[in-house]
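Text of data26.cif, listed as mmCIF, C-alpha atoms:
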```cif
data_run
loop_
_atom_site.label_atom_id
_atom_site.label_comp_id
_atom_site.auth_asym_id
_atom_site.auth_seq_id
_atom_site.Cartn_x
_atom_site.Cartn_y
_atom_site.Cartn_z
CA MET A 1 126.60 84.50 92.06
CA ARG A 2 125.75 85.80 88.57
CA VAL A 3 123.56 88.92 88.38
CA THR A 4 121.93 90.39 85.26
CA THR A 5 120.57 93.93 85.54
CA SER A 6 118.75 95.99 82.93
CA CYS A 7 117.21 99.34 82.10
CA SER A 8 115.84 101.56 79.39
CA GLY A 9 117.35 104.99 79.92
CA ARG A 10 120.09 105.45 82.50
CA PHE A 11 118.74 106.52 85.93
CA HIS A 12 120.82 104.97 88.75
CA ILE A 13 121.11 101.58 87.04
CA PHE A 14 124.41 102.38 85.30
CA ASP A 15 125.94 103.02 88.74
CA GLN A 16 124.34 99.83 89.99
CA ALA A 17 125.89 97.83 87.14
CA ARG A 18 129.28 99.39 87.86
CA GLN A 19 129.06 98.33 91.50
CA LEU A 20 127.98 94.80 90.60
CA HIS A 21 131.01 94.61 88.30
CA ARG A 22 133.33 96.00 91.00
CA LEU A 23 132.20 93.26 93.36
CA GLY A 24 132.62 90.54 90.73
CA VAL A 25 128.98 89.47 90.33
CA LEU A 26 127.81 91.28 87.17
CA HIS A 27 126.91 88.67 84.55
CA ARG A 28 125.18 90.89 81.97
CA PHE A 29 124.03 94.49 81.76
CA ILE A 30 121.19 94.91 79.23
CA ASN A 31 120.40 98.51 78.27
CA ASP A 32 119.50 100.67 75.29
CA TYR A 33 122.68 102.77 74.94
CA PRO A 34 125.68 102.09 72.68
CA LYS A 35 128.64 100.41 74.34
CA TRP A 36 130.79 103.54 74.32
CA MET A 37 128.43 104.87 76.98
CA THR A 38 128.74 101.86 79.31
CA ARG A 39 132.53 101.99 78.91
CA ARG A 40 132.41 105.36 80.68
CA TRP A 41 131.17 103.46 83.74
CA GLY A 42 134.03 100.98 83.46
CA ILE A 43 131.83 98.07 82.37
CA PRO A 44 133.53 95.64 79.93
CA ASP A 45 131.92 95.20 76.52
CA ASN A 46 131.62 91.43 76.97
CA LYS A 47 129.20 91.98 79.87
CA VAL A 48 126.99 94.44 77.97
CA ILE A 49 124.01 93.77 75.70
CA SER A 50 122.98 96.98 73.91
CA LEU A 51 119.48 97.28 72.47
CA VAL A 52 120.41 100.53 70.74
CA ALA A 53 117.47 100.64 68.33
CA ASN A 54 115.07 100.64 71.27
CA GLY A 55 116.97 103.53 72.83
CA VAL A 56 116.71 105.57 69.63
CA LEU A 57 112.95 105.00 69.58
CA ALA A 58 112.55 105.87 73.27
CA ARG A 59 114.50 109.09 72.98
CA ALA A 60 112.65 110.07 69.80
CA THR A 61 109.36 110.12 71.74
CA ARG A 62 110.68 113.02 73.85
CA TRP A 63 110.66 115.25 70.78
CA PHE A 64 106.99 114.85 69.93
CA PRO A 65 105.48 118.32 69.26
CA ASP A 66 103.09 119.69 71.86
CA SER A 67 100.53 120.07 69.10
CA TRP A 68 100.20 116.29 68.77
CA SER A 69 97.27 114.56 70.44
CA PRO A 70 98.17 113.52 74.02
CA ALA A 71 96.27 110.25 73.52
CA PHE A 72 98.30 109.49 70.38
CA LYS A 73 101.63 110.31 72.07
CA ASN A 74 100.67 108.22 75.09
CA GLY A 75 99.83 105.28 72.86
CA VAL A 76 103.17 105.49 71.07
CA VAL A 77 105.09 105.63 74.35
CA ASP A 78 103.13 102.59 75.56
CA ARG A 79 104.18 100.64 72.47
CA VAL A 80 107.82 101.72 72.79
CA HIS A 81 107.87 100.57 76.43
CA ASP A 82 106.29 97.26 75.49
CA LEU A 83 108.73 96.71 72.63
CA PHE A 84 111.71 97.11 74.96
CA SER A 85 110.11 94.78 77.52
CA ARG A 86 109.55 92.08 74.91
CA ARG A 87 113.03 92.36 73.42
CA LEU A 88 114.59 92.37 76.90
CA ALA A 89 112.90 89.04 77.68
CA GLY A 90 114.63 87.49 74.70
CA PHE A 91 118.07 88.47 75.99
CA VAL A 92 117.78 87.29 79.63
CA PRO A 93 120.73 84.86 80.07
CA PRO A 94 119.49 81.42 81.16
CA ASP A 95 122.55 80.97 83.42
CA SER A 96 121.97 84.03 85.64
CA ASP A 97 121.15 83.55 89.31
CA VAL A 98 119.45 86.94 89.67
CA PHE A 99 117.58 89.15 87.21
CA ILE A 100 116.95 92.85 88.00
CA GLY A 101 114.61 94.89 85.81
CA LEU A 102 113.70 98.58 85.89
CA SER A 103 110.02 99.09 86.66
CA SER A 104 107.62 99.51 83.71
CA PHE A 105 110.19 97.90 81.39
CA CYS A 106 110.54 94.31 82.61
CA LEU A 107 107.27 92.37 82.94
CA GLN A 108 107.98 89.82 80.20
CA ALA A 109 111.62 89.51 81.28
CA ILE A 110 110.55 88.69 84.85
CA GLU A 111 108.35 85.90 83.53
CA ARG A 112 111.22 84.55 81.40
CA ALA A 113 113.74 84.74 84.27
CA LYS A 114 111.34 82.97 86.64
CA GLY A 115 111.05 80.21 84.07
CA TYR A 116 114.83 79.80 84.31
CA GLY A 117 114.57 79.53 88.11
CA GLN A 118 116.22 82.90 88.77
CA VAL A 119 115.54 85.29 91.65
CA THR A 120 113.60 88.19 90.08
CA ILE A 121 113.73 91.78 91.29
CA VAL A 122 112.00 94.97 90.13
CA ASP A 123 114.03 98.14 90.73
CA HIS A 124 111.63 101.06 91.26
CA GLY A 125 113.06 104.56 91.53
CA SER A 126 110.04 106.60 92.65
CA LEU A 127 107.11 106.46 95.02
CA HIS A 128 104.31 104.23 93.80
CA GLN A 129 103.04 106.11 90.78
CA ARG A 130 99.45 105.97 91.97
CA THR A 131 100.54 107.77 95.16
CA GLU A 132 102.31 110.39 93.07
CA ARG A 133 99.30 110.73 90.82
CA HIS A 134 96.99 111.44 93.76
CA LEU A 135 99.40 114.04 95.17
CA LEU A 136 99.74 115.80 91.84
CA GLU A 137 96.01 115.75 91.14
CA GLU A 138 95.49 117.40 94.52
CA GLU A 139 98.16 119.99 93.73
CA GLY A 140 96.54 120.74 90.40
CA ARG A 141 93.21 121.41 92.13
CA LEU A 142 94.88 123.63 94.74
CA HIS A 143 96.49 125.91 92.17
CA ASN A 144 94.33 125.34 89.09
CA LEU A 145 97.26 123.85 87.19
CA PRO A 146 97.38 121.26 84.41
CA MET A 147 99.50 118.37 85.70
CA ASP A 148 101.76 115.89 83.92
CA LEU A 149 100.44 112.61 85.32
CA ALA A 150 101.71 109.07 84.90
CA PRO A 151 99.41 107.26 82.45
CA GLU A 152 97.26 104.51 83.87
CA TRP A 153 98.89 101.83 81.71
CA ILE A 154 102.27 102.44 83.41
CA ILE A 155 100.71 102.19 86.86
CA GLU A 156 98.93 98.95 85.95
CA LYS A 157 102.04 97.44 84.34
CA GLU A 158 104.23 98.29 87.33
CA ASP A 159 101.68 96.72 89.69
CA LEU A 160 101.85 93.51 87.64
CA GLU A 161 105.64 93.60 87.87
CA PHE A 162 105.65 94.21 91.62
CA HIS A 163 103.40 91.23 92.23
CA ALA A 164 105.16 88.95 89.73
CA ALA A 165 108.70 89.52 91.00
CA ASP A 166 110.23 87.83 94.04
CA ARG A 167 111.37 91.17 95.44
CA VAL A 168 111.01 94.92 94.82
CA MET A 169 113.96 97.23 95.38
CA VAL A 170 113.35 100.92 96.17
CA LEU A 171 115.52 103.87 97.12
CA SER A 172 113.75 105.09 100.26
CA GLN A 173 111.39 104.41 103.12
CA ALA A 174 108.94 106.90 101.59
CA ALA A 175 108.80 104.74 98.46
CA LYS A 176 108.40 101.60 100.55
CA ARG A 177 105.49 103.12 102.48
CA SER A 178 103.74 104.08 99.25
CA LEU A 179 104.10 100.56 97.84
CA ILE A 180 102.77 99.00 101.05
CA GLU A 181 99.76 101.34 100.91
CA GLU A 182 99.11 100.04 97.39
CA GLY A 183 99.12 96.40 98.46
CA ILE A 184 102.74 95.26 98.07
CA GLY A 185 103.89 93.14 101.01
CA ALA A 186 106.49 94.80 103.23
CA GLU A 187 108.47 91.56 103.43
CA LYS A 188 109.33 91.66 99.71
CA ILE A 189 110.57 95.28 99.63
CA PHE A 190 114.28 96.12 100.02
CA VAL A 191 115.38 99.74 100.62
CA ASN A 192 118.81 100.80 99.37
CA PRO A 193 119.49 104.56 99.09
CA CYS A 194 121.38 105.91 96.08
CA GLY A 195 125.01 106.84 96.33
CA VAL A 196 126.86 109.97 95.30
CA GLU A 197 129.91 110.27 93.05
CA LEU A 198 132.42 111.51 95.63
CA SER A 199 135.06 112.21 92.99
CA TRP A 200 132.73 114.90 91.60
CA PHE A 201 131.15 116.19 94.80
CA SER A 202 133.24 117.35 97.76
CA PRO A 203 133.59 120.60 99.74
CA VAL A 204 135.13 123.64 98.09
CA GLU A 205 136.21 126.57 100.21
CA LYS A 206 133.51 129.21 99.94
CA LYS A 207 134.67 132.73 99.23
CA GLU A 208 133.09 134.85 101.90
CA ASP A 209 130.86 137.40 100.24
CA GLU A 210 128.38 137.63 103.12
CA ILE A 211 125.48 136.51 100.93
CA PHE A 212 123.22 133.81 102.37
CA ARG A 213 122.33 131.64 99.39
CA ILE A 214 119.62 129.04 99.21
CA ILE A 215 120.27 126.52 96.43
CA TYR A 216 117.61 124.45 94.69
CA CYS A 217 118.41 121.99 91.91
CA GLY A 218 115.85 119.99 89.94
CA ASN A 219 112.96 120.27 87.52
CA LEU A 220 111.14 123.57 87.94
CA GLY A 221 107.70 122.03 88.19
CA PRO A 222 104.93 121.65 90.77
CA ARG A 223 105.94 118.08 91.75
CA LYS A 224 109.17 119.51 93.18
CA GLY A 225 107.35 122.09 95.31
CA VAL A 226 109.43 125.00 94.02
CA HIS A 227 106.51 127.40 94.42
CA TYR A 228 106.41 126.73 98.17
CA LEU A 229 110.13 127.48 98.47
CA LEU A 230 109.66 130.72 96.50
CA GLN A 231 106.79 131.73 98.75
CA ALA A 232 108.83 131.02 101.88
CA PHE A 233 111.78 133.01 100.59
CA SER A 234 109.56 135.91 99.53
CA GLU A 235 107.84 136.10 102.91
CA LEU A 236 111.09 135.87 104.91
CA LYS A 237 112.44 139.11 103.39
CA LEU A 238 116.01 138.28 104.42
CA ASP A 239 118.72 140.90 104.00
CA SER A 240 121.82 139.88 102.00
CA ALA A 241 120.16 136.69 100.78
CA GLU A 242 119.54 135.07 97.42
CA LEU A 243 117.63 132.07 96.08
CA TRP A 244 119.32 130.22 93.22
CA LEU A 245 117.15 127.92 91.15
CA ILE A 246 118.96 125.38 88.95
CA GLY A 247 116.84 123.63 86.35
CA SER A 248 115.16 123.96 82.98
CA ALA A 249 112.60 126.70 82.40
CA PRO A 250 109.11 125.91 83.77
CA ASP A 251 106.14 125.47 81.46
CA PRO A 252 104.09 128.66 81.01
CA SER A 253 101.22 127.73 83.33
CA PHE A 254 103.53 126.95 86.25
CA GLY A 255 105.78 129.86 85.34
CA ARG A 256 102.90 132.24 85.99
CA LEU A 257 102.49 130.78 89.50
CA ILE A 258 106.14 131.07 90.47
CA ALA A 259 106.38 134.56 88.96
CA GLN A 260 104.12 135.75 91.79
CA HIS A 261 107.07 135.39 94.16
CA GLY A 262 109.86 136.54 91.89
CA SER A 263 112.29 139.32 92.81
CA GLU A 264 115.79 140.53 92.03
CA LYS A 265 117.00 138.17 94.77
CA VAL A 266 115.72 135.11 92.90
CA ARG A 267 118.05 133.86 90.17
CA PHE A 268 117.08 131.28 87.54
CA LEU A 269 120.39 129.77 86.49
CA GLY A 270 119.28 127.14 83.96
CA THR A 271 120.86 123.70 83.76
CA PHE A 272 124.44 122.51 84.33
CA PRO A 273 126.33 119.26 83.69
CA GLN A 274 126.69 117.11 86.81
CA ASN A 275 130.43 117.74 87.07
CA GLU A 276 129.86 121.53 87.22
CA LEU A 277 127.34 121.52 90.06
CA ARG A 278 130.08 121.35 92.71
CA GLN A 279 131.12 124.92 91.92
CA ILE A 280 127.50 126.09 92.23
CA TYR A 281 127.00 124.31 95.54
CA ALA A 282 130.23 125.87 96.80
CA LYS A 283 128.58 129.29 96.67
CA GLY A 284 125.57 128.16 98.70
CA SER A 285 124.65 128.27 102.39
CA VAL A 286 121.83 125.70 102.41
CA PHE A 287 120.25 123.31 99.92
CA VAL A 288 116.44 122.92 99.81
CA LEU A 289 114.40 120.23 98.03
CA PRO A 290 110.69 120.78 98.93
CA SER A 291 109.22 118.04 96.69
CA LEU A 292 105.69 116.72 97.00
CA ALA A 293 106.92 113.34 95.73
CA ASP A 294 110.50 112.25 95.09
CA GLY A 295 111.58 108.61 95.12
CA PHE A 296 115.03 109.72 96.24
CA GLY A 297 116.48 113.03 95.03
CA MET A 298 120.12 112.40 94.13
CA VAL A 299 120.88 116.12 94.37
CA VAL A 300 120.54 115.87 98.16
CA PRO A 301 123.59 113.66 98.84
CA GLN A 302 125.44 115.67 96.20
CA ALA A 303 124.81 118.87 98.14
CA MET A 304 125.70 117.20 101.44
CA ALA A 305 128.95 115.92 99.97
CA CYS A 306 129.76 119.54 99.07
CA GLY A 307 129.17 120.60 102.67
CA LEU A 308 125.68 122.07 102.46
CA PRO A 309 123.09 121.55 105.21
CA VAL A 310 119.88 120.37 103.57
CA ILE A 311 116.15 120.92 104.06
CA VAL A 312 113.87 118.31 102.51
CA THR A 313 110.26 117.25 102.84
CA ARG A 314 109.10 113.92 104.26
CA ASN A 315 108.18 112.81 100.74
CA VAL A 316 111.74 113.20 99.49
CA GLY A 317 113.32 109.75 99.65
CA ALA A 318 116.66 111.26 100.60
CA ALA A 319 115.09 112.24 103.93
CA ASP A 320 116.34 108.78 104.97
CA ILE A 321 119.93 110.04 104.90
CA VAL A 322 119.22 113.27 106.80
CA THR A 323 119.67 113.35 110.58
CA GLU A 324 117.26 115.98 111.90
CA GLY A 325 119.10 118.96 113.39
CA VAL A 326 122.53 117.44 112.73
CA ASP A 327 123.09 117.72 108.98
CA GLY A 328 119.71 119.01 107.87
CA TYR A 329 115.98 119.31 108.53
CA ILE A 330 112.90 117.39 107.39
CA VAL A 331 109.60 119.26 106.98
CA PRO A 332 106.05 118.34 105.87
CA ILE A 333 105.07 118.89 102.24
CA ARG A 334 103.44 122.22 101.36
CA ASP A 335 104.43 123.66 104.75
CA VAL A 336 105.67 127.18 104.03
CA SER A 337 105.86 128.03 107.75
CA ALA A 338 108.16 125.06 108.43
CA LEU A 339 110.39 125.99 105.51
CA LYS A 340 110.64 129.56 106.78
CA GLU A 341 111.47 128.39 110.31
CA LYS A 342 114.35 126.11 109.23
CA ILE A 343 115.76 128.60 106.73
CA ARG A 344 115.68 131.32 109.38
CA ILE A 345 117.61 129.14 111.86
CA LEU A 346 120.42 128.64 109.36
CA TYR A 347 120.33 132.31 108.35
CA GLU A 348 120.49 133.67 111.91
CA GLN A 349 122.88 131.09 113.40
CA PRO A 350 126.06 130.81 111.30
CA VAL A 351 127.74 128.63 113.95
CA VAL A 352 124.92 126.07 113.68
CA ARG A 353 125.13 126.29 109.91
CA GLN A 354 128.87 125.58 109.97
CA GLN A 355 128.42 122.61 112.32
CA MET A 356 125.74 121.14 110.08
CA SER A 357 127.90 121.73 107.03
CA LEU A 358 130.76 119.71 108.52
CA ALA A 359 128.37 116.94 109.61
CA ALA A 360 126.82 116.73 106.12
CA SER A 361 130.15 116.40 104.32
CA LYS A 362 131.44 113.87 106.86
CA LYS A 363 128.33 111.69 106.48
CA ALA A 364 128.58 111.78 102.70
CA ARG A 365 132.26 110.90 102.76
CA ASN A 366 131.82 107.99 105.17
CA HIS A 367 128.41 106.54 104.26
CA LEU A 368 126.92 107.89 101.03
CA GLY A 369 129.31 106.80 98.27
CA TRP A 370 128.26 104.40 95.52
CA GLU A 371 130.53 101.76 97.01
CA ALA A 372 128.33 101.66 100.13
CA TYR A 373 125.28 101.22 97.88
CA GLY A 374 126.96 98.36 96.04
CA ASP A 375 128.09 96.63 99.23
CA ARG A 376 124.57 96.69 100.66
CA LEU A 377 123.07 95.43 97.40
CA VAL A 378 125.43 92.48 96.95
CA ALA A 379 125.14 91.45 100.61
CA TRP A 380 121.34 91.40 100.24
CA LEU A 381 121.46 89.48 96.96
CA GLY A 382 123.82 86.93 98.54
CA GLY A 383 121.31 86.42 101.33
CA LEU A 384 118.50 85.85 98.83
CA ILE A 385 120.53 83.23 96.94
CA SER A 386 121.55 81.48 100.16
CA GLY A 387 117.95 81.49 101.37
CA ARG A 388 116.70 80.00 98.13
CA ALA A 389 119.40 77.30 98.25
CA SER A 390 118.42 76.43 101.82
CA GLU A 391 114.74 76.19 100.84
CA SER A 392 115.66 73.94 97.90
CA ASN A 393 117.77 71.66 100.11
CA GLU A 394 114.99 71.44 102.69
CA ALA A 395 112.44 70.60 99.98
CA GLY A 396 114.80 67.89 98.72
CA ARG A 397 115.14 66.38 102.17
CA ARG A 398 111.36 66.35 102.61
CA THR A 399 110.99 64.59 99.25
CA GLU A 400 113.58 61.96 100.19
CA LYS A 401 111.91 61.40 103.55
CA THR A 402 108.50 61.02 101.92
CA GLY A 403 109.94 58.61 99.39
CA SER A 404 111.53 56.45 102.12
CA LEU A 405 108.12 55.96 103.73
CA HIS A 406 106.96 54.11 100.67
#
```
Kindly transcribe the structure held in the file into structure tokens.
Amino acid sequence: MRVTTSCSGRFHIFDQARQLHRLGVLHRFINDYPKWMTRRWGIPDNKVISLVANGVLARATRWFPDSWSPAFKNGVVDRVHDLFSRRLAGFVPPDSDVFIGLSSFCLQAIERAKGYGQVTIVDHGSLHQRTERHLLEEEGRLHNLPMDLAPEWIIEKEDLEFHAADRVMVLSQAAKRSLIEEGIGAEKIFVNPCGVELSWFSPVEKKEDEIFRIIYCGNLGPRKGVHYLLQAFSELKLDSAELWLIGSAPDPSFGRLIAQHGSEKVRFLGTFPQNELRQIYAKGSVFVLPSLADGFGMVVPQAMACGLPVIVTRNVGAADIVTEGVDGYIVPIRDVSALKEKIRILYEQPVVRQQMSLAASKKARNHLGWEAYGDRLVAWLGGLISGRASESNEAGRRTEKTGSLH
């Protein structure tokens, strides 16, 4: 089996390519980074096609000044996406068995790969973007906030990709449900949760300082539901407790909302490299990700691997890896009362917290590594190839039988 995978940007696809290589099925990895970057993932240069110029263009769009017209910026991003998609199509190897493309970047490549007779797969990392858009529009109305919404052209392009491809791969059941609600057949959707880099994330003995710390890590924006976590923490009024928020500074409009619940017990720590987060998690008591929409939330298995019980909403894809009451809790979105209830349990019952901590780290160690992700992926791909071969053989037999009748 020969598998070609591709992406603009990095996301989880670099880890996917590494796993495909580990299992001996990676044919080509097409991306827009220089090869020194893919070497860091242990991928040989002869398996990599680097569209570096496209990557430079894509990353340049992130530096557009806020003073520029949103319509103009949106149009440029559209063209940059389309340019990568068109160039990618020209580099699809004709001798692959499977082509995997990252959503919104692969429509033309899917068409080319299908012409070669390959199994085509769209890898989609979030909920359906129309679902996210509706949630965020609603949130904007609730709090009178301007919202950063996915442009309609991305939603339309991804829909074309979902329908054109043989299969769609997502990271969670929440993402699968959102795609089904938008008309994608359940039978063509494969769910494979992200892994965690266990060499970076593992338990560290916590120095007892008797502070109950709630850790949040992610973008400090309304999509992540940080304001609901701040409200819950503010209303709980816990003694000897702190809330640590890891992430870049919020935009001014959202900053004014979260400032309503600020206090000396809330610490904004800024951003950290991935390999430094372990030391932050080691100081925590519980990890909370209260997102309104999150295709997965890779910080959740990271925190679990470091021995933190987790609290997530139903719209966080990583809810799939949480066992309710064993290694964490799952609550509805926007439910401040539910957040308060689960935080209070872990605050008031240290024995329960310790049990859940051990269960979280054990689950991560045994089931949540990238190797498990890769094993599931390659087993599924093998089944698709075998199924297609069986269909082809059956079609051939029918043709022979029909021919013999004449």
If the PyMOL selection byres ((chain A and resi 309) around 8) were run on this exact file, what residues would it hold? Put them as an MDAnalysis selection string.
chainID A and resid 285:287 303:304 307:308 310:311 327:328 353 356:357 360
Could you list, as a PyMOL selection string, every residue matched by the PyMOL selection byres ((chain A and resi 6) around 7) in this structure?
chain A and resi 4-5+7+29-31+100-102
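Put simply, the PyMOL selection byres ((chain A and resi 301) around 8) on this file hits Gly195, Val196, Met298, Val299, Val300, Gln302, Ala303, Met304, Ala305, Ala318, Ile321, Ala364 and Leu368 of chain A.
Interatomic distance, atom CA of Leu127 of chain A against atom CA of Lys362 of chain A: 28.1 Å.
Shortest separation to Ala53 of chain A among A:Arg223, A:Arg87, A:His367, A:His21 occurs at residue A:Arg87, atoms counted being all atoms listed in the file.
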Take the point (112.8, 110.1, 101.9) in the file's coordinates, draw a sphere of radius 10 Å around it, and report as a list in words every protein, DNA or RNA residue with an atom inside or on it, counting only C-alpha atoms.
Leu127, Leu171, Ser172, Gln173, Ala174, Ala175, Lys176, Pro193, Ala293, Asp294, Gly295, Phe296, Gly297, Val312, Thr313, Arg314, Asn315, Val316, Gly317, Ala318, Ala319, Asp320, Ile321, Val322 and Ile330 of chain A
With a distance cut-off of 8 Å and only C-alpha atoms, select the neighbouring residues of segment 212-221 of chain A, excluding the residue or stretch itself and same-chain residues fewer than 3 positions from it, and output the selection as a list in words.
Lys224, Gly225, Val226, Ser240, Ala241, Glu242, Leu243, Trp244, Leu245, Ile246, Gly247, Ser248, Ala249, Pro250, Asp251, Phe254, Tyr281, Lys283, Gly284, Ser285, Val286, Phe287, Val288, Leu289, Val299 and Tyr347 of chain A
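Distances here use all atoms listed in the file; by that measure, the residue among A:Asp15, A:Asp166, A:Asp95, A:Asp123 closest to Arg28 of chain A is A:Asp95.
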Using all atoms listed in the file, which of the listed residues (A:Lys342, A:Arg2, A:His128, A:His261) sits closest to Ser103 of chain A?
A:His128
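If you count only C-alpha atoms and ignore residues fewer than 5 places along the chain from Asp32 of chain A, what sits within 7 Å of it is Ser8, Gly9, Ser50, Leu51, Val52, Asn54 and Gly55 of chain A.
What separates atom CA of Ser85 of chain A from atom CA of Ser104 of chain A is a distance of 8.2 Å.
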Atom CA of Ala359 of chain A to atom CA of Phe268 of chain A: how many Å, to one decimal?
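Computed distance, atom CA of Ala359 of chain A to atom CA of Phe268 of chain A, equals 28.6 Å.
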Fewer than 2 positions away in the same chain doesn't count, so skip those; otherwise give me all residues within 12 Å of His27 of chain A, counting all atoms listed in the file, as an MDAnalysis selection string.
chainID A and resid 1:6 17:18 20:25 29:30 43:49 92:100
Could you please give me, as a PyMOL selection string, the residues of protein, DNA or RNA lying at most 8 Å from (108.2, 133.0, 104.9) in the coordinate frame of the file, considering only C-alpha atoms?
chain A and resi 231-237+336-337+339-341
Of the candidates A:Arg40, A:Arg130, A:His143, A:Arg177, which one gets nearest to Asp159 of chain A if we count all atoms listed in the file?
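Using all atoms listed in the file, Asp159 of chain A sits closest to A:Arg130.
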Distance criterion (all atoms listed in the file): nearest to Ser199 of chain A out of A:Lys265, A:Arg278, A:His227, A:Lys157:
A:Arg278
Quick one: segment 264-278 of chain A with N, CA, C and O atoms, as an mmCIF file, keeping the file's coordinate frame?
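Below is the file result-v6.cif, written as the result:
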```cif
data_model
loop_
_atom_site.group_PDB
_atom_site.id
_atom_site.type_symbol
_atom_site.label_atom_id
_atom_site.label_comp_id
_atom_site.auth_asym_id
_atom_site.auth_seq_id
_atom_site.Cartn_x
_atom_site.Cartn_y
_atom_site.Cartn_z
ATOM 1 N N GLU A 264 114.405 140.453 92.480
ATOM 2 C CA GLU A 264 115.790 140.530 92.030
ATOM 3 C C GLU A 264 116.702 139.605 92.824
ATOM 4 O O GLU A 264 117.831 139.326 92.420
ATOM 5 N N LYS A 265 116.200 139.091 93.951
ATOM 6 C CA LYS A 265 117.000 138.170 94.770
ATOM 7 C C LYS A 265 116.841 136.711 94.338
ATOM 8 O O LYS A 265 117.499 135.837 94.882
ATOM 9 N N VAL A 266 115.938 136.467 93.414
ATOM 10 C CA VAL A 266 115.720 135.110 92.900
ATOM 11 C C VAL A 266 116.404 135.007 91.540
ATOM 12 O O VAL A 266 116.114 135.790 90.629
ATOM 13 N N ARG A 267 117.305 134.034 91.415
ATOM 14 C CA ARG A 267 118.050 133.860 90.170
ATOM 15 C C ARG A 267 117.736 132.502 89.544
ATOM 16 O O ARG A 267 117.873 131.465 90.211
ATOM 17 N N PHE A 268 117.316 132.512 88.298
ATOM 18 C CA PHE A 268 117.080 131.280 87.540
ATOM 19 C C PHE A 268 118.333 131.020 86.709
ATOM 20 O O PHE A 268 118.623 131.751 85.765
ATOM 21 N N LEU A 269 119.070 129.987 87.073
ATOM 22 C CA LEU A 269 120.390 129.770 86.490
ATOM 23 C C LEU A 269 120.396 128.796 85.311
ATOM 24 O O LEU A 269 121.436 128.611 84.685
ATOM 25 N N GLY A 270 119.281 128.127 85.036
ATOM 26 C CA GLY A 270 119.280 127.140 83.960
ATOM 27 C C GLY A 270 119.893 125.827 84.418
ATOM 28 O O GLY A 270 119.967 125.538 85.618
ATOM 29 N N THR A 271 120.334 125.028 83.461
ATOM 30 C CA THR A 271 120.860 123.700 83.760
ATOM 31 C C THR A 271 122.385 123.669 83.656
ATOM 32 O O THR A 271 122.982 124.495 82.960
ATOM 33 N N PHE A 272 122.985 122.686 84.337
ATOM 34 C CA PHE A 272 124.440 122.510 84.330
ATOM 35 C C PHE A 272 124.751 121.020 84.236
ATOM 36 O O PHE A 272 123.995 120.187 84.751
ATOM 37 N N PRO A 273 125.875 120.651 83.621
ATOM 38 C CA PRO A 273 126.330 119.260 83.690
ATOM 39 C C PRO A 273 126.616 118.878 85.139
ATOM 40 O O PRO A 273 126.973 119.735 85.967
ATOM 41 N N GLN A 274 126.482 117.582 85.445
ATOM 42 C CA GLN A 274 126.690 117.110 86.810
ATOM 43 C C GLN A 274 128.048 117.541 87.371
ATOM 44 O O GLN A 274 128.147 117.950 88.529
ATOM 45 N N ASN A 275 129.083 117.453 86.540
ATOM 46 C CA ASN A 275 130.430 117.740 87.070
ATOM 47 C C ASN A 275 130.698 119.225 87.266
ATOM 48 O O ASN A 275 131.786 119.602 87.715
ATOM 49 N N GLU A 276 129.708 120.094 86.959
ATOM 50 C CA GLU A 276 129.860 121.530 87.220
ATOM 51 C C GLU A 276 129.056 121.989 88.431
ATOM 52 O O GLU A 276 129.212 123.132 88.886
ATOM 53 N N LEU A 277 128.213 121.107 88.952
ATOM 54 C CA LEU A 277 127.340 121.520 90.060
ATOM 55 C C LEU A 277 128.131 121.817 91.328
ATOM 56 O O LEU A 277 127.716 122.648 92.151
ATOM 57 N N ARG A 278 129.262 121.138 91.497
ATOM 58 C CA ARG A 278 130.080 121.350 92.710
ATOM 59 C C ARG A 278 130.412 122.827 92.900
ATOM 60 O O ARG A 278 130.362 123.353 94.031
#
```
